[in-house]
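Chemist: Take a look at structure_20.csv, CSV, C-alpha atoms:
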```csv
chain,number,residue,atom,x,y,z
P,1,MET,CA,66.2,123.1,94.8
P,2,ALA,CA,68.2,121.5,92.0
P,3,GLU,CA,70.7,118.9,93.1
P,4,GLU,CA,74.1,120.6,93.2
P,5,ARG,CA,76.6,118.9,91.0
P,6,LYS,CA,79.3,117.2,93.0
P,7,LYS,CA,82.9,118.3,92.5
P,8,ARG,CA,85.1,115.7,90.9
P,9,LEU,CA,88.7,114.7,91.3
P,10,ALA,CA,90.5,112.7,88.6
P,11,LEU,CA,93.9,111.3,89.4
P,12,VAL,CA,96.5,109.4,87.4
P,13,ALA,CA,98.7,107.1,89.6
P,14,SER,CA,101.7,106.1,87.6
P,15,LYS,CA,104.2,105.2,90.3
P,16,GLY,CA,104.6,102.2,92.4
P,17,SER,CA,107.2,103.1,95.1
P,18,LEU,CA,106.0,103.2,98.7
P,19,ASP,CA,106.3,106.9,99.1
P,20,GLU,CA,104.7,107.8,95.8
P,21,ALA,CA,101.8,105.4,96.4
P,22,TYR,CA,100.6,107.5,99.3
P,23,SER,CA,100.0,110.8,97.4
P,24,PRO,CA,97.1,109.7,95.2
P,25,LEU,CA,95.6,107.7,98.1
P,26,ILE,CA,95.7,110.6,100.5
P,27,LEU,CA,94.2,113.0,98.0
P,28,ALA,CA,91.5,110.5,96.9
P,29,THR,CA,90.3,109.7,100.4
P,30,THR,CA,90.4,113.4,101.4
P,31,ALA,CA,88.3,114.4,98.4
P,32,ALA,CA,85.9,111.6,99.1
P,33,ALA,CA,85.6,112.9,102.7
P,34,MET,CA,84.8,116.3,101.2
P,35,GLY,CA,81.9,114.8,99.4
P,36,TRP,CA,83.6,114.8,96.0
P,37,GLU,CA,83.4,112.1,93.3
P,38,VAL,CA,86.9,110.6,92.9
P,39,GLY,CA,88.4,108.3,90.3
P,40,ILE,CA,92.0,107.1,90.1
P,41,PHE,CA,93.4,105.8,86.8
P,42,PHE,CA,96.2,103.4,87.6
P,43,THR,CA,98.8,103.0,84.9
P,44,PHE,CA,102.3,101.4,84.5
P,45,PHE,CA,103.9,101.0,87.9
P,46,GLY,CA,100.9,102.6,89.6
P,47,PHE,CA,99.4,99.1,89.1
P,48,ASP,CA,101.4,97.9,92.1
P,49,ILE,CA,99.1,99.9,94.3
P,50,ILE,CA,96.1,97.8,93.3
P,51,SER,CA,97.9,94.5,92.8
P,52,LYS,CA,96.7,91.9,95.2
P,53,LYS,CA,100.2,90.7,95.9
P,54,ARG,CA,102.5,93.7,95.3
P,55,MET,CA,100.4,96.3,97.2
P,56,HIS,CA,101.6,94.6,100.4
P,57,ALA,CA,105.3,94.9,99.4
P,58,LEU,CA,105.8,98.4,98.0
P,59,LYS,CA,109.3,99.6,98.6
P,60,VAL,CA,111.3,102.9,98.6
P,61,ALA,CA,114.8,102.9,97.2
P,62,PRO,CA,117.4,105.2,98.7
P,63,ILE,CA,119.6,105.2,95.5
P,64,ALA,CA,119.1,108.1,93.2
P,65,ASN,CA,116.9,109.7,95.8
P,66,PRO,CA,119.0,112.5,97.3
P,67,ALA,CA,116.3,113.3,99.8
P,68,PHE,CA,116.7,109.9,101.5
P,69,PRO,CA,117.1,109.3,104.3
P,70,GLU,CA,115.7,112.3,105.9
P,71,PRO,CA,117.8,113.8,108.6
P,72,ILE,CA,115.5,112.7,111.4
P,73,PRO,CA,116.3,112.0,115.1
P,74,ALA,CA,116.7,108.3,114.3
P,75,VAL,CA,119.2,109.0,111.5
P,76,PRO,CA,120.9,112.2,112.5
P,77,VAL,CA,123.6,112.1,109.8
P,78,LYS,CA,123.0,112.5,106.1
P,79,VAL,CA,123.9,109.1,104.6
P,80,PRO,CA,125.8,109.5,101.3
P,81,ASN,CA,123.6,108.4,98.3
P,82,ILE,CA,126.2,105.9,97.1
P,83,ILE,CA,125.4,103.8,100.2
P,84,GLY,CA,122.1,103.1,98.4
P,85,THR,CA,124.0,100.8,96.0
P,86,ILE,CA,124.8,98.3,98.8
P,87,PRO,CA,122.6,95.2,98.6
P,88,GLY,CA,119.8,95.4,101.2
P,89,MET,CA,119.7,99.1,101.4
P,90,THR,CA,116.3,99.3,99.7
P,91,HIS,CA,115.0,96.9,102.3
P,92,ILE,CA,116.4,99.0,105.1
P,93,ALA,CA,115.1,102.2,103.6
P,94,THR,CA,111.6,100.7,103.3
P,95,ALA,CA,111.7,99.5,106.9
P,96,PHE,CA,112.6,103.0,108.0
P,97,MET,CA,109.8,104.6,106.0
P,98,LYS,CA,107.3,102.1,107.3
P,99,SER,CA,108.3,102.7,110.8
P,100,TRP,CA,107.9,106.5,110.4
P,101,MET,CA,104.5,106.0,108.9
P,102,GLY,CA,103.5,103.6,111.6
P,103,ARG,CA,104.5,106.0,114.2
P,104,ALA,CA,102.3,108.6,112.6
P,105,ASN,CA,99.4,106.1,112.7
P,106,LEU,CA,99.1,106.3,108.9
P,107,PRO,CA,97.3,103.4,107.4
P,108,THR,CA,99.2,100.9,105.2
P,109,VAL,CA,98.8,101.1,101.4
P,110,PRO,CA,96.3,98.1,101.4
P,111,GLU,CA,94.3,99.7,104.3
P,112,PHE,CA,94.3,103.0,102.4
P,113,VAL,CA,93.0,101.4,99.2
P,114,GLU,CA,90.3,99.6,101.1
P,115,MET,CA,89.3,102.8,102.8
P,116,ALA,CA,89.2,104.6,99.4
P,117,GLN,CA,86.9,101.9,98.0
P,118,GLU,CA,84.6,102.1,101.0
P,119,MET,CA,84.3,105.8,100.4
P,120,GLY,CA,83.3,105.3,96.8
P,121,VAL,CA,86.5,106.1,95.1
P,122,ARG,CA,86.5,104.5,91.6
P,123,LEU,CA,89.6,102.5,90.7
P,124,PHE,CA,90.3,102.5,87.0
P,125,ALA,CA,92.9,100.0,85.8
P,126,CYS,CA,94.5,101.0,82.5
P,127,ALA,CA,93.7,98.2,80.1
P,128,MET,CA,96.8,99.0,77.9
P,129,THR,CA,99.1,98.5,80.9
P,130,MET,CA,97.5,95.1,81.5
P,131,GLY,CA,98.4,94.0,78.0
P,132,VAL,CA,101.9,95.5,78.0
P,133,MET,CA,102.9,94.3,81.5
P,134,GLY,CA,101.1,91.0,81.3
P,135,VAL,CA,98.8,91.8,84.3
P,136,LYS,CA,95.6,89.8,84.5
P,137,GLU,CA,92.3,90.9,86.0
P,138,GLU,CA,92.6,88.4,88.8
P,139,ASP,CA,96.0,89.9,89.7
P,140,LEU,CA,94.2,93.1,90.8
P,141,ILE,CA,92.0,93.7,93.8
P,142,ASP,CA,88.3,93.3,93.4
P,143,GLY,CA,86.3,96.3,92.4
P,144,CYS,CA,88.7,97.7,89.7
P,145,GLU,CA,87.2,98.9,86.5
P,146,PHE,CA,89.2,97.9,83.4
P,147,VAL,CA,89.2,100.8,81.0
P,148,GLY,CA,91.2,102.5,78.3
P,149,ALA,CA,92.5,106.1,78.2
P,150,THR,CA,89.4,107.2,76.4
P,151,THR,CA,87.1,106.2,79.2
P,152,PHE,CA,89.3,107.9,81.8
P,153,LEU,CA,89.5,111.1,79.7
P,154,ASP,CA,85.7,111.1,79.4
P,155,TYR,CA,85.6,110.9,83.2
P,156,ALA,CA,88.3,113.5,83.6
P,157,ALA,CA,86.6,115.9,81.2
P,158,ASP,CA,84.0,116.6,83.9
P,159,ALA,CA,86.6,116.8,86.7
P,160,ASP,CA,87.2,120.0,88.6
P,161,VAL,CA,90.7,118.9,89.6
P,162,SER,CA,92.9,116.5,87.6
P,163,LEU,CA,96.4,115.5,88.7
P,164,TYR,CA,99.0,113.2,87.3
P,165,MET,CA,101.0,111.6,90.0
A,166,MET,CA,82.9,132.2,121.9
A,167,SER,CA,80.3,130.8,124.1
A,168,ALA,CA,79.1,127.3,123.5
A,169,GLU,CA,75.4,127.5,122.8
A,170,PHE,CA,74.9,124.0,121.6
A,171,LYS,CA,74.9,120.5,123.0
A,172,VAL,CA,77.6,118.1,122.0
A,173,GLU,CA,76.1,114.9,120.8
A,174,LYS,CA,79.3,112.9,120.3
A,175,THR,CA,83.0,113.5,120.9
A,176,VAL,CA,85.8,111.9,118.9
A,177,ASP,CA,89.5,112.1,119.7
A,178,TYR,CA,92.0,112.1,116.8
A,179,LYS,CA,95.0,113.4,118.6
A,180,GLY,CA,98.1,111.7,117.2
A,181,LEU,CA,96.6,111.3,113.7
A,182,PHE,CA,97.8,113.2,110.7
A,183,CYS,CA,96.3,114.3,107.5
A,184,PRO,CA,94.1,112.9,106.0
A,185,MET,CA,92.9,110.7,108.8
A,186,PRO,CA,91.1,113.2,111.0
A,187,ILE,CA,89.1,114.5,108.0
A,188,VAL,CA,88.5,111.0,106.6
A,189,LYS,CA,87.3,109.8,110.0
A,190,VAL,CA,85.2,112.9,110.8
A,191,SER,CA,83.4,112.6,107.5
A,192,LYS,CA,82.2,109.2,108.7
A,193,ASP,CA,81.5,110.3,112.2
A,194,ILE,CA,79.2,113.1,111.1
A,195,LYS,CA,76.9,110.5,109.6
A,196,ASP,CA,76.6,108.9,113.1
A,197,ILE,CA,74.7,111.9,114.4
A,198,GLU,CA,71.4,113.3,113.3
A,199,VAL,CA,71.1,116.4,111.1
A,200,GLY,CA,71.3,119.5,113.3
A,201,GLN,CA,73.3,117.7,116.0
A,202,VAL,CA,76.8,118.7,117.0
A,203,LEU,CA,80.0,116.6,116.8
A,204,GLU,CA,83.1,117.5,118.8
A,205,MET,CA,86.4,116.5,117.3
A,206,LEU,CA,89.8,116.8,119.0
A,207,ALA,CA,93.0,116.8,116.9
A,208,ASP,CA,96.6,118.0,117.3
A,209,ASP,CA,97.6,117.8,113.6
A,210,PRO,CA,98.6,121.5,112.9
A,211,GLY,CA,96.9,121.3,109.5
A,212,SER,CA,93.6,120.3,111.0
A,213,LYS,CA,92.5,124.0,111.6
A,214,PRO,CA,92.5,125.1,107.9
A,215,ASP,CA,91.5,121.6,106.8
A,216,MET,CA,88.4,121.5,109.0
A,217,GLN,CA,87.5,125.0,107.6
A,218,ALA,CA,87.9,123.7,104.0
A,219,TRP,CA,86.0,120.5,104.8
A,220,SER,CA,83.2,122.5,106.3
A,221,LYS,CA,83.0,124.7,103.2
A,222,HIS,CA,82.8,121.8,100.9
A,223,THR,CA,80.4,119.5,102.8
A,224,GLY,CA,78.2,122.2,104.2
A,225,ASN,CA,78.5,120.9,107.7
A,226,GLU,CA,78.7,124.0,109.8
A,227,LEU,CA,81.9,124.7,111.8
A,228,LEU,CA,80.3,126.3,114.9
A,229,ASP,CA,83.4,126.9,117.0
A,230,MET,CA,87.1,126.1,117.1
A,231,GLN,CA,89.3,126.2,120.2
A,232,GLU,CA,93.0,125.7,120.7
A,233,GLU,CA,94.6,124.8,124.0
A,234,GLY,CA,98.2,123.6,124.3
A,235,GLY,CA,98.5,122.4,120.8
A,236,VAL,CA,95.2,120.6,120.8
A,237,PHE,CA,92.3,121.8,118.7
A,238,LYS,CA,88.7,121.3,119.5
A,239,PHE,CA,86.2,121.6,116.6
A,240,TYR,CA,82.4,121.7,116.9
A,241,VAL,CA,80.6,120.8,113.7
A,242,ARG,CA,76.8,120.8,113.1
A,243,ARG,CA,75.6,118.2,110.7
A,244,ALA,CA,74.0,119.8,107.7
A,245,SER,CA,72.5,117.0,105.7
```
Can you give me the file's structure in the form of structure tokens?

Modeler:
Amino acid sequence: MAEERKKRLALVASKGSLDEAYSPLILATTAAAMGWEVGIFFTFFGFDIISKKRMHALKVAPIANPAFPEPIPAVPVKVPNIIGTIPGMTHIATAFMKSWMGRANLPTVPEFVEMAQEMGVRLFACAMTMGVMGVKEEDLIDGCEFVGATTFLDYAADADVSLYM
Amino acid sequence: MSAEFKVEKTVDYKGLFCPMPIVKVSKDIKDIEVGQVLEMLADDPGSKPDMQAWSKHTGNELLDMQEEGGVFKFYVRRAS
């Protein structure tokens, strides 16, 4: 029997806030668990997800995010968005979010990235972003592939699912 | 549905949410031999359709699925 071609997921991760880092990591690990090939192209602020230092300190800002904070039991009232301008609110919002995620036993971003790598997810670092944002290879975690858009598109051309996040 | 198979290994993922039960079960299935059965417990409400989709894509056969008091029990036979 001929070897069946594996399905492939190609993601672009372009955002570096705590909440938005999770979406590509969740989809990537799930697809890998389903036996798919997975590649994530990290670009612009998505670099923070694979940055040795910054991956540990991703934040979520309540300002200009009308959905935040969620009306949850811990915060039963809807906090006016303008409160987000007060210094320290990003720190507080981040602490809230991390506590919810911890309660749900969700891995941290660094744990998620490590898990993805163990599952064979390929991490493509956008070479252009490195130049524009002054990121060096040693700033990123081990195992990243440094590629341009052309290489990623070549990979994505054979993908069954492609998403920009 | 009657259980006409022997459970080789049981894993308990109650309290975990998507994608963790699926991610973990994809590793656990490799700990048993082809043809053996893994039992997985979960209470993530998404785990029922997710396990069906995972089974469809990986070929590991979902033999049985039970629900009791918000807890799901899945029985998966390793395919390859």

Chemist: Suppose you want the space between CA of Gly235 in chain A and CA of Ala207 in chain A; what is it in Å?

Modeler: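 Separating CA of Gly235 in chain A from CA of Ala207 in chain A is a distance of 8.8 Å.
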
Chemist: Give one line per residue of chain A that approaches chain P to at most 9 Å, naming the two atoms of the closest pair and their distance in Å to one decimal, counting all atoms listed in the file; sort by chain then ascending residue number and deliver it as CSV.

Modeler:
```
residue,atom,partner,partner_atom,distance
A:Gly180,CA,P:Ala104,CA,7.0
A:Leu181,CA,P:Asn105,CA,6.0
A:Phe182,CA,P:Ala104,CA,6.7
A:Cys183,CA,P:Ile26,CA,7.9
A:Pro184,CA,P:Thr30,CA,5.9
A:Met185,CA,P:Leu106,CA,7.6
A:Ile187,CA,P:Ala33,CA,6.5
A:Val188,CA,P:Ala33,CA,5.2
A:Lys189,CA,P:Ala33,CA,8.1
A:Val190,CA,P:Ala33,CA,8.1
A:Ser191,CA,P:Ala33,CA,5.3
A:Lys192,CA,P:Ala33,CA,7.8
A:Ala218,CA,P:Met34,CA,8.5
A:Trp219,CA,P:Met34,CA,5.7
A:Ser220,CA,P:Met34,CA,8.2
A:Lys221,CA,P:Met34,CA,8.8
A:His222,CA,P:Met34,CA,5.9
A:Thr223,CA,P:Met34,CA,5.7
```

Chemist: Under the rule that only C-alpha atoms are counted, which of A:Met230, A:Met216, A:Val199, A:Val172 is the nearest residue to Arg243 in chain A?

Modeler: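 Result for the nearest residue to Arg243 in chain A: A:Val199.
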
Chemist: Taking 4 positions as the minimum chain separation for residues in the same chain, which residues sit within 12 Å of range 82-90 of chain P when counting all atoms listed in the file? Answer as a list in words.

Modeler: Ser17, Leu18, Ala57, Leu58, Lys59, Val60, Ala61, Pro62, Ile63, Ala64, Asn65, Pro66, Ala67, Phe68, Pro69, Lys78, Thr94, Ala95, Phe96 and Met97 of chain P

Chemist: Could you write out the selected residues, including C-alpha atoms, as a compact mmCIF listing (two decimals), in the coordinates of the input?

Modeler:
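And here's part_0.txt as it stands now:
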```txt
# COMPACT_ATOMS: atom_id res chain seq x y z
CA SER P 17 107.20 103.10 95.10
CA LEU P 18 106.00 103.20 98.70
CA ALA P 57 105.30 94.90 99.40
CA LEU P 58 105.80 98.40 98.00
CA LYS P 59 109.30 99.60 98.60
CA VAL P 60 111.30 102.90 98.60
CA ALA P 61 114.80 102.90 97.20
CA PRO P 62 117.40 105.20 98.70
CA ILE P 63 119.60 105.20 95.50
CA ALA P 64 119.10 108.10 93.20
CA ASN P 65 116.90 109.70 95.80
CA PRO P 66 119.00 112.50 97.30
CA ALA P 67 116.30 113.30 99.80
CA PHE P 68 116.70 109.90 101.50
CA PRO P 69 117.10 109.30 104.30
CA LYS P 78 123.00 112.50 106.10
CA THR P 94 111.60 100.70 103.30
CA ALA P 95 111.70 99.50 106.90
CA PHE P 96 112.60 103.00 108.00
CA MET P 97 109.80 104.60 106.00
```

Chemist: Just how far from CA of Gly200 in chain A is CA of Glu226 in chain A, in Å to one decimal?

Modeler: 9.3 Å

Chemist: Can you list, as a PDB file with C-alpha atoms, keeping the file's coordinate frame, every protein, DNA or RNA residue that comes within 7 Å of range 173-178 of chain A when you count all atoms listed in the file, leaving out same-chain residues fewer than 4 positions away?

Modeler:
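Contents of part-v8.pdb, as written:
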```pdb
ATOM      1  CA  PRO A 186      91.100 113.200 111.000  1.00  0.00           C
ATOM      2  CA  GLN A 201      73.300 117.700 116.000  1.00  0.00           C
ATOM      3  CA  VAL A 202      76.800 118.700 117.000  1.00  0.00           C
ATOM      4  CA  LEU A 203      80.000 116.600 116.800  1.00  0.00           C
ATOM      5  CA  GLU A 204      83.100 117.500 118.800  1.00  0.00           C
ATOM      6  CA  MET A 205      86.400 116.500 117.300  1.00  0.00           C
ATOM      7  CA  LEU A 206      89.800 116.800 119.000  1.00  0.00           C
ATOM      8  CA  ALA A 207      93.000 116.800 116.900  1.00  0.00           C
TER       9      ALA A 207
END
```

Chemist: In Å to one decimal, how far is CA of Met55 in chain P from CA of Trp100 in chain P?

Modeler: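 Computing it gives 18.3 Å between the two atoms.
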
Chemist: Contacts of Gly39 in chain P at 10 Å or less, counting all atoms listed in the file, minus same-chain residues fewer than 6 places along, as a list in words?

Modeler: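 Within the cut-off, the hits are Arg8, Leu9, Ala10, Leu11, Val12, Ala28, Ala32, Ala116, Gly120, Val121, Arg122, Leu123, Phe124, Phe152, Tyr155, Ala156, Ala159 and Ser162 of chain P.
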